[in-house]
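run29.cif follows (mmCIF, C-alpha atoms):
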data_input
loop_
_atom_site.label_atom_id
_atom_site.label_comp_id
_atom_site.auth_asym_id
_atom_site.auth_seq_id
_atom_site.Cartn_x
_atom_site.Cartn_y
_atom_site.Cartn_z
CA LEU T 1 155.09 -56.23 -155.14
CA ARG T 2 154.13 -52.51 -154.62
CA CYS T 3 156.51 -51.83 -151.78
CA ILE T 4 159.40 -49.50 -150.97
CA PHE T 5 162.99 -50.32 -149.89
CA GLN T 6 164.05 -47.05 -148.26
CA ASN T 7 166.97 -45.71 -146.18
CA ASN T 8 168.68 -49.01 -145.43
CA TRP T 9 172.41 -49.34 -144.80
CA ALA T 10 174.99 -52.11 -145.03
CA LYS T 11 178.71 -52.00 -144.38
CA TYR T 12 179.57 -54.34 -147.24
CA PHE T 13 176.86 -56.20 -149.14
CA GLY T 14 173.68 -54.68 -150.59
CA GLY T 15 172.33 -51.78 -148.55
CA ALA T 16 168.84 -52.46 -149.95
CA ILE T 17 168.94 -55.97 -151.41
CA TYR T 18 171.54 -58.71 -151.32
CA VAL T 19 170.73 -62.02 -152.99
CA TYR T 20 173.22 -64.91 -152.82
CA GLY T 21 172.29 -67.95 -154.84
CA GLY T 22 168.55 -67.31 -155.02
CA THR T 23 165.90 -65.86 -157.31
CA LEU T 24 164.47 -62.38 -156.97
CA THR T 25 161.53 -60.64 -158.65
CA VAL T 26 160.64 -57.03 -157.79
CA ILE T 27 157.45 -55.54 -159.26
CA ASP T 28 155.94 -52.05 -159.04
CA SER T 29 158.31 -50.99 -156.26
CA THR T 30 160.71 -48.18 -155.34
CA ILE T 31 164.27 -48.71 -154.09
CA THR T 32 165.66 -45.43 -152.78
CA GLY T 33 168.02 -43.88 -150.24
CA ASN T 34 169.95 -47.09 -149.53
CA VAL T 35 173.70 -47.22 -148.92
CA ALA T 36 176.38 -49.90 -149.21
CA GLU T 37 179.38 -48.33 -147.53
CA ARG T 38 182.21 -50.61 -148.64
CA GLY T 39 182.93 -52.82 -151.56
CA TYR T 40 179.62 -53.85 -153.12
CA PRO T 41 176.52 -52.32 -154.77
CA ALA T 42 173.52 -51.14 -152.78
CA VAL T 43 171.41 -53.54 -154.88
CA LEU T 44 173.43 -56.70 -155.46
CA MET T 45 172.75 -60.14 -156.92
CA THR T 46 175.45 -62.82 -156.67
CA ALA T 47 175.48 -66.53 -157.49
CA VAL T 48 177.25 -69.39 -155.74
CA ASN T 49 178.31 -70.92 -159.07
CA ALA T 50 176.83 -72.04 -162.40
CA HIS T 51 174.85 -74.79 -160.65
CA TYR T 52 173.27 -72.32 -158.21
CA PRO T 53 172.48 -69.21 -160.26
CA ALA T 54 170.80 -66.08 -158.90
CA PRO T 55 168.64 -64.53 -161.63
CA SER T 56 166.68 -61.38 -160.82
CA THR T 57 163.93 -59.47 -162.61
CA PHE T 58 162.82 -55.89 -161.96
CA ILE T 59 159.50 -54.92 -163.55
CA ASN T 60 158.13 -51.36 -163.45
CA THR T 61 160.48 -50.52 -160.60
CA THR T 62 162.23 -47.24 -159.76
CA ILE T 63 165.78 -47.47 -158.37
CA SER T 64 166.91 -43.97 -157.42
CA GLY T 65 168.99 -42.13 -154.83
CA ASN T 66 171.05 -45.14 -153.71
CA ALA T 67 174.79 -45.04 -153.06
CA SER T 68 177.80 -47.31 -153.02
CA TYR T 69 181.06 -45.63 -152.09
CA TYR T 70 183.39 -48.16 -153.73
CA ASN T 71 181.29 -49.74 -156.47
CA ALA T 72 178.20 -49.34 -158.63
CA ALA T 73 174.86 -48.65 -156.96
CA VAL T 74 173.31 -51.60 -158.80
CA GLY T 75 175.14 -54.71 -159.97
CA TYR T 76 175.26 -58.46 -160.35
CA SER T 77 177.96 -61.08 -160.63
CA GLN T 78 178.55 -63.98 -162.99
CA TYR T 79 175.62 -66.45 -163.14
CA ALA T 80 173.35 -63.83 -161.60
CA PRO T 81 171.77 -62.10 -164.62
CA MET T 82 169.64 -59.04 -163.89
CA THR T 83 166.68 -58.34 -166.18
CA LEU T 84 165.15 -54.86 -166.30
CA ILE T 85 161.64 -54.44 -167.75
CA HIS T 86 160.07 -50.95 -167.84
CA THR T 87 162.42 -50.08 -164.99
CA THR T 88 164.11 -46.77 -164.16
CA ILE T 89 167.60 -46.51 -162.64
CA ALA T 90 168.33 -42.83 -162.03
CA ASN T 91 170.23 -40.45 -159.74
CA ASN T 92 172.30 -43.07 -157.94
CA SER T 93 175.71 -42.24 -156.51
CA THR T 94 178.38 -44.68 -157.65
CA ASN T 95 182.11 -45.10 -158.04
CA GLY T 96 181.72 -45.83 -161.75
CA PRO T 97 179.25 -45.77 -164.64
CA LEU T 98 175.90 -47.29 -163.76
CA ASN T 99 176.07 -50.10 -166.30
CA GLU T 100 179.86 -50.60 -166.20
CA PRO T 101 180.75 -51.09 -162.54
CA SER T 102 184.09 -52.41 -161.29
CA PRO T 103 185.36 -55.83 -162.50
CA GLY T 104 183.01 -58.72 -161.81
CA TYR T 105 179.76 -56.84 -162.36
CA GLY T 106 177.31 -55.93 -165.16
CA PRO T 107 176.28 -54.70 -167.62
CA PHE T 108 172.67 -55.75 -167.17
CA ALA T 109 171.51 -58.93 -168.87
CA VAL T 110 168.33 -57.54 -170.43
CA GLN T 111 167.04 -54.00 -170.69
CA TYR T 112 163.50 -53.85 -172.06
CA HIS T 113 162.11 -50.32 -172.31
CA SER T 114 164.16 -49.37 -169.26
CA ILE T 115 166.02 -46.13 -168.56
CA ILE T 116 169.43 -45.79 -166.91
CA ILE T 117 170.68 -42.24 -166.33
CA SER T 118 172.88 -40.42 -163.83
CA GLY T 119 170.53 -37.56 -162.84
CA LEU T 120 166.85 -37.11 -162.07
CA ASP T 121 165.92 -35.56 -165.45
CA GLY T 122 162.13 -35.54 -165.14
CA LEU T 123 161.87 -37.70 -162.02
CA SER T 124 160.35 -35.91 -159.01
CA PRO T 125 161.70 -36.30 -155.45
CA LEU T 126 160.23 -39.04 -153.29
CA GLN T 127 156.92 -37.92 -151.80
CA ASP T 128 153.35 -38.89 -151.06
CA ASN T 129 151.62 -39.16 -154.43
CA GLY T 130 148.72 -41.23 -153.14
CA GLY T 131 148.70 -44.92 -152.36
CA PRO T 132 150.15 -46.66 -149.31
CA THR T 133 153.83 -45.79 -149.97
CA PRO T 134 155.83 -42.78 -151.25
CA THR T 135 156.79 -42.73 -154.94
CA HIS T 136 158.88 -40.77 -157.42
CA ALA T 137 156.36 -39.08 -159.74
CA ILE T 138 157.39 -38.37 -163.32
CA LEU T 139 157.03 -35.03 -165.04
CA PRO T 140 155.15 -34.31 -168.28
CA ASN T 141 157.10 -34.85 -171.51
CA SER T 142 159.90 -36.68 -169.70
CA ARG T 143 161.67 -39.70 -171.14
CA TYR T 144 159.84 -42.01 -168.72
CA VAL T 145 156.41 -41.48 -170.30
CA GLY T 146 154.71 -43.78 -172.76
CA GLY T 147 156.53 -47.04 -173.49
CA ASP T 148 154.70 -49.91 -175.14
CA MET T 149 152.42 -52.15 -173.11
CA ASP T 150 154.33 -55.41 -173.65
CA ASN T 151 155.27 -57.01 -170.31
CA CYS T 152 153.82 -54.00 -168.49
CA GLU T 153 152.21 -54.37 -165.09
CA PRO T 154 148.49 -53.42 -165.17
CA PHE T 155 148.77 -51.22 -162.05
CA ASP T 156 151.51 -49.00 -160.64
CA GLN T 157 152.91 -48.96 -157.09
CA ARG T 158 149.98 -46.87 -155.86
CA GLY T 159 147.43 -49.24 -157.40
CA VAL T 160 146.64 -46.80 -160.25
CA ALA T 161 145.69 -48.54 -163.50
CA ARG T 162 148.04 -48.21 -166.46
CA SER T 163 145.16 -47.59 -168.82
CA ASP T 164 146.22 -44.83 -171.22
CA GLY T 165 147.77 -47.16 -173.79
CA GLY T 166 151.38 -46.42 -172.79
CA CYS T 167 153.49 -47.99 -170.07
CA ASP T 168 155.58 -45.42 -168.18
CA SER T 169 159.00 -46.56 -167.02
CA GLY T 170 159.31 -47.14 -163.29
CA ALA T 171 156.87 -47.65 -160.44
CA TYR T 172 154.75 -44.57 -161.13
CA GLU T 173 152.20 -44.27 -163.93
CA ALA T 174 151.62 -40.63 -164.81
CA SER T 175 148.15 -39.24 -165.46
CA PHE T 176 148.31 -35.80 -166.99
CA PRO T 177 145.13 -33.80 -167.70
CA PRO T 178 144.53 -33.43 -171.43
CA ALA T 179 145.41 -30.11 -173.00
CA ILE T 180 142.26 -28.04 -173.62
CA ASP T 181 142.10 -25.02 -175.91
CA TRP T 182 139.23 -22.57 -175.58
CA VAL T 183 137.79 -19.76 -177.72
CA LEU T 184 134.91 -17.31 -177.22
CA ALA T 185 131.98 -18.02 -179.52
CA THR T 186 131.15 -15.26 -182.00
CA PRO T 187 127.48 -14.14 -182.23
CA SER T 188 125.69 -14.12 -185.56
CA LEU T 189 124.26 -10.83 -186.86
CA GLU T 190 121.18 -12.58 -188.25
CA THR T 191 117.99 -12.18 -186.24
CA GLY T 192 117.14 -15.31 -184.28
CA ALA T 193 120.47 -16.94 -185.06
CA GLY T 194 122.57 -15.28 -182.37
CA VAL T 195 124.52 -17.05 -179.67
CA ASN T 196 125.54 -15.86 -176.25
CA PRO T 197 129.01 -14.29 -176.64
CA ASN T 198 129.79 -15.17 -173.04
CA ILE T 199 129.58 -18.89 -173.69
CA ILE T 200 133.01 -20.53 -173.93
CA THR T 201 133.14 -23.29 -176.50
CA ARG T 202 135.79 -26.01 -176.76
CA VAL T 203 137.30 -26.23 -180.23
CA GLY T 204 140.26 -27.96 -181.81
CA ILE T 205 142.79 -25.14 -181.99
CA THR T 206 146.20 -24.67 -180.45
CA GLN T 207 146.05 -20.94 -179.74
CA PHE T 208 143.62 -18.03 -179.89
CA GLU T 209 143.51 -14.28 -179.46
CA VAL T 210 140.93 -12.26 -177.56
CA VAL T 211 140.41 -8.64 -178.63
CA PHE T 212 138.36 -6.21 -176.47
CA THR T 213 136.75 -3.29 -178.31
CA GLU T 214 135.25 -0.28 -176.53
CA VAL T 215 131.60 0.38 -177.55
#
Is it possible to give me this structure as structure tokens?
Amino acid sequence: LRCIFQNNWAKYFGGAIYVYGGTLTVIDSTITGNVAERGYPAVLMTAVNAHYPAPSTFINTTISGNASYYNAAVGYSQYAPMTLIHTTIANNSTNGPLNEPSPGYGPFAVQYHSIIISGLDGLSPLQDNGGPTPTHAILPNSRYVGGDMDNCEPFDQRGVARSDGGCDSGAYEASFPPAIDWVLATPSLETGAGVNPNIITRVGITQFEVVFTEV
């Protein structure tokens, strides 16, 4: 919960996470910069058999910038279903499509308002965006902004409330300042009814034009 798995390395199994016959839940976290050098994904869930499954759930989590040289960056085996909820998987280096890794893995069991892409596409580099750990911020008007609130975590990785009525995909909840349009008030010619032309008034328009006339 609200942590970061960063810059880990494994020769074979799961550079960031390797689960074998257990249960995993990751919430409001970032998994980035991890490498599995040979054979298996950087984030890997495997089960012993049908009697010892290994289900995993990722909620409002960002998985980005991980690499597996011979397999997918993220994957799971039979009896180890991976559920993605409001989760972003982006910009990982793999040896195959993200959701169609080599035989024995994926695609993901459940994808609920989650995004899986090959590049960054609106996801900022890892940096200090406030909070105790680095995060990948999301850019305005990107595909990560504004999913529904079902199964959404109330706070993001930084502890910022998801309170704008939309649940952004991944560990970072964006907060963009509202667009404000301004226009100069026009004075009245009637005596006693004038207004100060230097006062800027907020109005509901999308554009305006200011004309300066020499007097």
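Around the coordinate (163.0, -46.2, -142.0), residues that reach within 12 Å when counting all atoms listed in the file are Ile4, Phe5, Gln6, Asn7, Asn8, Trp9, Ala16, Thr32, Gly33 and Asn34 of chain T.
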Take the residues from that selection and write them out as a PDB file, keeping the file's coordinate frame, keeping C-alpha atoms.
ATOM      1  CA  ILE T   4     159.400 -49.500-150.970  1.00  0.00           C
ATOM      2  CA  PHE T   5     162.990 -50.320-149.890  1.00  0.00           C
ATOM      3  CA  GLN T   6     164.050 -47.050-148.260  1.00  0.00           C
ATOM      4  CA  ASN T   7     166.970 -45.710-146.180  1.00  0.00           C
ATOM      5  CA  ASN T   8     168.680 -49.010-145.430  1.00  0.00           C
ATOM      6  CA  TRP T   9     172.410 -49.340-144.800  1.00  0.00           C
ATOM      7  CA  ALA T  16     168.840 -52.460-149.950  1.00  0.00           C
ATOM      8  CA  THR T  32     165.660 -45.430-152.780  1.00  0.00           C
ATOM      9  CA  GLY T  33     168.020 -43.880-150.240  1.00  0.00           C
ATOM     10  CA  ASN T  34     169.950 -47.090-149.530  1.00  0.00           C
TER      11      ASN T  34
END
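The smallest atom-to-atom distance between Val48 in chain T and any of T:Asn60, T:Ser93, T:Ser169, T:Thr23, using all atoms listed in the file, is found for T:Thr23.
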(request) Give as a PyMOL selection string the residues that the PyMOL selection byres ((chain T and resi 3) around 10) matches when applied to the coordinates above. (result) chain T and resi 1-2+4-6+26-31+61+132-135+157-158+171
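Proximity of T:Pro81, T:Gly22, T:Gly146, T:Gly15 to Gly165 in chain T, computed with all atoms listed in the file, is greatest for T:Gly146.
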(request) Counting all atoms listed in the file, figure out which residue out of T:Leu24, T:Ala10, T:Ala50, T:Cys167 gets nearest to Glu37 in chain T. (result) T:Ala10
Check which residues satisfy the PyMOL selection byres ((chain T and resi 122) around 7) in the file shown, then give them as a compact mmCIF listing (two decimals) with C-alpha atoms, in the coordinates of the input.
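What ended up in part.txt:
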# COMPACT_ATOMS: atom_id res chain seq x y z
CA LEU T 120 166.85 -37.11 -162.07
CA ASP T 121 165.92 -35.56 -165.45
CA LEU T 123 161.87 -37.70 -162.02
CA SER T 124 160.35 -35.91 -159.01
CA ILE T 138 157.39 -38.37 -163.32
CA LEU T 139 157.03 -35.03 -165.04
CA SER T 142 159.90 -36.68 -169.70
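Atom pair CA of Gly75 in chain T / CA of His136 in chain T: separated by 21.6 Å.
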Explicit residue set for the PyMOL selection byres ((chain T and resi 89) around 10), as an mmCIF file with C-alpha atoms, in the frame of the given file:
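The new file selection12.cif reads:
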data_model
loop_
_atom_site.group_PDB
_atom_site.id
_atom_site.type_symbol
_atom_site.label_atom_id
_atom_site.label_comp_id
_atom_site.auth_asym_id
_atom_site.auth_seq_id
_atom_site.Cartn_x
_atom_site.Cartn_y
_atom_site.Cartn_z
ATOM 1 C CA ILE T 31 164.270 -48.710 -154.090
ATOM 2 C CA THR T 61 160.480 -50.520 -160.600
ATOM 3 C CA THR T 62 162.230 -47.240 -159.760
ATOM 4 C CA ILE T 63 165.780 -47.470 -158.370
ATOM 5 C CA SER T 64 166.910 -43.970 -157.420
ATOM 6 C CA GLY T 65 168.990 -42.130 -154.830
ATOM 7 C CA ASN T 66 171.050 -45.140 -153.710
ATOM 8 C CA ALA T 73 174.860 -48.650 -156.960
ATOM 9 C CA VAL T 74 173.310 -51.600 -158.800
ATOM 10 C CA LEU T 84 165.150 -54.860 -166.300
ATOM 11 C CA THR T 87 162.420 -50.080 -164.990
ATOM 12 C CA THR T 88 164.110 -46.770 -164.160
ATOM 13 C CA ALA T 90 168.330 -42.830 -162.030
ATOM 14 C CA ASN T 91 170.230 -40.450 -159.740
ATOM 15 C CA ASN T 92 172.300 -43.070 -157.940
ATOM 16 C CA LEU T 98 175.900 -47.290 -163.760
ATOM 17 C CA ASN T 99 176.070 -50.100 -166.300
ATOM 18 C CA SER T 114 164.160 -49.370 -169.260
ATOM 19 C CA ILE T 115 166.020 -46.130 -168.560
ATOM 20 C CA ILE T 116 169.430 -45.790 -166.910
ATOM 21 C CA ILE T 117 170.680 -42.240 -166.330
ATOM 22 C CA SER T 118 172.880 -40.420 -163.830
ATOM 23 C CA GLY T 119 170.530 -37.560 -162.840
ATOM 24 C CA LEU T 120 166.850 -37.110 -162.070
ATOM 25 C CA SER T 169 159.000 -46.560 -167.020
ATOM 26 C CA GLY T 170 159.310 -47.140 -163.290
#
Using the atoms already present, construct N, CA and C atoms for range 15-36 of chain T and hand them back as a compact mmCIF listing (two decimals), in the coordinates of the input.
# COMPACT_ATOMS: atom_id res chain seq x y z
N GLY T 15 173.04 -52.58 -149.55
CA GLY T 15 172.33 -51.78 -148.55
C GLY T 15 170.83 -51.99 -148.61
N ALA T 16 170.28 -52.23 -149.81
CA ALA T 16 168.84 -52.46 -149.95
C ALA T 16 168.54 -53.94 -150.13
N ILE T 17 169.22 -54.57 -151.07
CA ILE T 17 168.94 -55.97 -151.41
C ILE T 17 170.26 -56.69 -151.65
N TYR T 18 170.38 -57.85 -151.05
CA TYR T 18 171.54 -58.71 -151.32
C TYR T 18 171.03 -60.13 -151.50
N VAL T 19 171.18 -60.67 -152.69
CA VAL T 19 170.73 -62.02 -152.99
C VAL T 19 171.96 -62.87 -153.29
N TYR T 20 172.08 -64.00 -152.62
CA TYR T 20 173.22 -64.91 -152.82
C TYR T 20 172.68 -66.29 -153.15
N GLY T 21 172.72 -66.62 -154.42
CA GLY T 21 172.29 -67.95 -154.84
C GLY T 21 170.80 -68.18 -154.77
N GLY T 22 170.01 -67.16 -155.02
CA GLY T 22 168.55 -67.31 -155.02
C GLY T 22 167.94 -66.59 -156.20
N THR T 23 166.63 -66.52 -156.23
CA THR T 23 165.90 -65.86 -157.31
C THR T 23 165.12 -64.69 -156.73
N LEU T 24 165.15 -63.58 -157.45
CA LEU T 24 164.47 -62.38 -156.97
C LEU T 24 163.63 -61.78 -158.09
N THR T 25 162.39 -61.39 -157.74
CA THR T 25 161.53 -60.64 -158.65
C THR T 25 160.96 -59.45 -157.88
N VAL T 26 161.16 -58.25 -158.41
CA VAL T 26 160.64 -57.03 -157.79
C VAL T 26 159.71 -56.36 -158.79
N ILE T 27 158.47 -56.07 -158.37
CA ILE T 27 157.45 -55.54 -159.26
C ILE T 27 156.81 -54.30 -158.65
N ASP T 28 156.65 -53.26 -159.48
CA ASP T 28 155.94 -52.05 -159.04
C ASP T 28 156.43 -51.55 -157.68
N SER T 29 157.73 -51.38 -157.56
CA SER T 29 158.31 -50.99 -156.26
C SER T 29 159.36 -49.90 -156.46
N THR T 30 159.71 -49.24 -155.34
CA THR T 30 160.71 -48.18 -155.34
C THR T 30 161.85 -48.57 -154.40
N ILE T 31 163.09 -48.42 -154.89
CA ILE T 31 164.27 -48.71 -154.09
C ILE T 31 165.06 -47.40 -154.02
N THR T 32 165.12 -46.78 -152.86
CA THR T 32 165.66 -45.43 -152.78
C THR T 32 166.33 -45.15 -151.44
N GLY T 33 167.39 -44.34 -151.46
CA GLY T 33 168.02 -43.88 -150.24
C GLY T 33 168.81 -44.93 -149.49
N ASN T 34 169.22 -46.00 -150.18
CA ASN T 34 169.95 -47.09 -149.53
C ASN T 34 171.45 -46.96 -149.79
N VAL T 35 172.26 -47.41 -148.83
CA VAL T 35 173.70 -47.22 -148.92
C VAL T 35 174.43 -48.53 -148.63
N ALA T 36 175.40 -48.86 -149.49
CA ALA T 36 176.38 -49.90 -149.21
C ALA T 36 177.71 -49.19 -149.04
